[in-house]
Amino acid sequence: MTSSEVYRIGPITYDSSTRTLTHDNGQTEYFTPRVNDVFLLLLEHQGTCVEKEFLLSQCWGEAIVSEQALTNVISKLRKVLVKHALTTITITTVSKSGYLLEVKMDDSCVVDADNKQVKQQLERKTIKPSLLSEDIVKVNESDIKKPVEPNILGRKSVFYLLIILISITTLLIYYINDVINATPYFIDAKNYSHEINIGTNKVYFNEADDYDVDKALFIKDITKGISSVCHSNIYAQFYYNTRIANNSAIVVFIMIPDGRTFNFRMSKYHYRDFSKQLNSYLESKNISC
């Protein structure tokens with residue numbers, strides 16, 4: 001992840017080309033390449049939760065590492081930011097998802113490579129409560145004093161209400177068991193615009209056309225790649241590999257019926273090569289119907 005921008009955030013200045021963070025009081029910190037990559041990616045998506053899987057694929061590429069490596073980098077980054085910019089920059093852990101970097105702009109600004117200042121102004125709107133005459137319900141005294149006579153309609157209403165509550169509870173239990181629990185914590189449904197059935201498998205993937213990949217050819221490709229599995233959920237996400245210019249990469253998350261999960265990455269997507277490599281990967285994991 002290469003960059004030559006200089007960021008001015010509150011009392012600190014960060015030069016991404018030299019990976020140097022300098023406080024107005026003269027104190028200086030130097031970031032390692034990995035800390036630099038994570039910091040720039042979080043800064044680029046400030047105000048938005050960045051998923052752990054996305055951080056790992058962008059900052060570690062094809063290297064196989066555990067989430068602890070990312071946790072260690074975040075810990076180092078937090079120590080530096082707490083030391084120099086506690087009230088300006090914060091990194092929040094989003095439970096079972098990722099990390100959120102927030103910048104309190106106030107009178108500060110972010111400066112690009114040309115030192116052009118970009119100020120952010122917050123608009124505050126005050127909504128005054130109002131009472132409309134149409135919202136006023138008039139009640140006649142005769143209606144208040146009139147006693148309510150018990151009848152069979154009241155019993156039927158209670159019976160129907162119980163049926164509705166039971167139905168809603170049943171639907172909630174189904175949703176929790178079959179939808180929420182079936183989806184890994186870091187899978188965001190908003191990132192997958194397509195859902196198709198391939199055999200007994202369910203395949204989810206984002207908009208391939210946005211990454212110069214023919215959607216129809218990709219469907220044929222992944223159909224061959226997952227030919228050895230069944231009754232599984234497959235999540236495929238295209239993204240641009242920042243380490244290689246103009247390069248569409250793909251990461252595939254596979255959930256098989258016995259509860260095991262697998263990650264497959266291809267740093268440069270090639271039609272047909274993808275299906276062969278994915279099929280070989282699944283066979284090496286002894287996954288079969």
# chains A, B, ... in the order shown; residues from 1 in each chain; ligands from 1

$ residues_around --residues "Ser267 of chain A" --least-positions-apart "3" --cutoff "7 Å" --atoms "only C-alpha atoms" --output "ChimeraX atom specification"
/A:62,241,249-250

$ residues_around --residues "segment 193-200 of chain A" --least-positions-apart "5" --cutoff "6 Å" --atoms "only C-alpha atoms" --output "number ranges by chain"
A: 205-206, 230-231

$ residues_around --residues "Lys285 of chain A" --least-positions-apart "6" --cutoff "12 Å" --atoms "only C-alpha atoms" --output "PyMOL selection string"
chain A and resi 228-229+254+256+260-264+278-279

$ write_last_selection --atoms "C-alpha atoms" --output "compact mmCIF listing (two decimals), in the first residue's frame"
# COMPACT_ATOMS: atom_id res chain seq x y z
CA SER A 228 -16.66 -31.20 -4.76
CA VAL A 229 -18.87 -29.65 -2.05
CA ILE A 254 -16.70 -21.51 2.53
CA ILE A 256 -19.65 -26.65 5.01
CA ARG A 260 -15.91 -26.16 9.40
CA THR A 261 -15.00 -22.95 7.57
CA PHE A 262 -12.32 -22.24 4.99
CA ASN A 263 -10.75 -19.16 3.37
CA PHE A 264 -9.48 -19.10 -0.19
CA LEU A 278 -10.34 -23.42 -5.76
CA ASN A 279 -11.12 -27.06 -6.57

$ atom_distance --atom1 "atom CA of Gly10 of chain A" --atom2 "atom CA of Leu55 of chain A"
25.2 Å

$ residues_around --residues "Ile226 of chain A" --least-positions-apart "5" --cutoff "10 Å" --atoms "only C-alpha atoms" --output "list in words"
Ile198, Gly199, Asn201, Val203, Asp221, Ser232, Ile234, Ile254, Ser275, Lys276, Leu278, Asn279, Ser280, Tyr281, Leu282, Glu283, Ile287 and Ser288 of chain A

$ write_last_selection --atoms "C-alpha atoms" --output "PDB file, in the first residue's frame"
ATOM      1  CA  ILE A 198     -25.494 -23.933  -7.567  1.00  0.00           C
ATOM      2  CA  GLY A 199     -26.590 -27.511  -7.012  1.00  0.00           C
ATOM      3  CA  ASN A 201     -24.918 -24.897  -2.513  1.00  0.00           C
ATOM      4  CA  VAL A 203     -23.413 -18.802  -3.442  1.00  0.00           C
ATOM      5  CA  ASP A 221     -16.033 -20.605 -13.089  1.00  0.00           C
ATOM      6  CA  SER A 232     -22.598 -25.386   1.758  1.00  0.00           C
ATOM      7  CA  ILE A 234     -20.050 -19.828  -0.237  1.00  0.00           C
ATOM      8  CA  ILE A 254     -16.698 -21.509   2.527  1.00  0.00           C
ATOM      9  CA  SER A 275     -11.902 -22.837 -10.662  1.00  0.00           C
ATOM     10  CA  LYS A 276      -8.851 -25.105 -10.837  1.00  0.00           C
ATOM     11  CA  LEU A 278     -10.339 -23.416  -5.763  1.00  0.00           C
ATOM     12  CA  ASN A 279     -11.119 -27.055  -6.566  1.00  0.00           C
ATOM     13  CA  SER A 280      -7.572 -28.113  -5.666  1.00  0.00           C
ATOM     14  CA  TYR A 281      -7.753 -26.124  -2.423  1.00  0.00           C
ATOM     15  CA  LEU A 282     -11.014 -27.818  -1.372  1.00  0.00           C
ATOM     16  CA  GLU A 283      -9.664 -31.276  -2.237  1.00  0.00           C
ATOM     17  CA  ILE A 287     -13.868 -31.604   1.625  1.00  0.00           C
ATOM     18  CA  SER A 288     -16.319 -33.710  -0.331  1.00  0.00           C
TER      19      SER A 288
END

$ atom_distance --atom1 "atom CA of Asp210 of chain A" --atom2 "atom CA of Lys268 of chain A"
15.1 Å

$ atom_distance --atom1 "atom CA of Tyr204 of chain A" --atom2 "atom CA of Phe54 of chain A"
16.5 Å

$ residues_around --residues "segment 89-104 of chain A" --least-positions-apart "5" --cutoff "6 Å" --atoms "only C-alpha atoms" --output "VMD selection string"
chain A and resid 42 46 to 52 185 to 186

$ residues_around --residues "Gln27 of chain A" --least-positions-apart "4" --cutoff "10 Å" --atoms "only C-alpha atoms" --output "PyMOL selection string"
chain A and resi 12+21-23+84

$ closest_residue --among "A:Phe159, A:Tyr211, A:Trp60, A:Tyr271" --to "Tyr239 of chain A" --atoms "only C-alpha atoms"
A:Tyr211

$ closest_residue --among "A:Leu41, A:Leu172, A:Met255, A:His270" --to "Asp212 of chain A" --atoms "only C-alpha atoms"
A:His270

$ closest_residue --among "A:Tyr235, A:Tyr269, A:Phe274, A:Phe31" --to "Leu81 of chain A" --atoms "only C-alpha atoms"
A:Phe31

$ select_by_dssp --residues "segment 12-126 of chain A" --states "alpha helix (DSSP H)" --output "ChimeraX atom specification"
/A:33-44,52-60,67-85
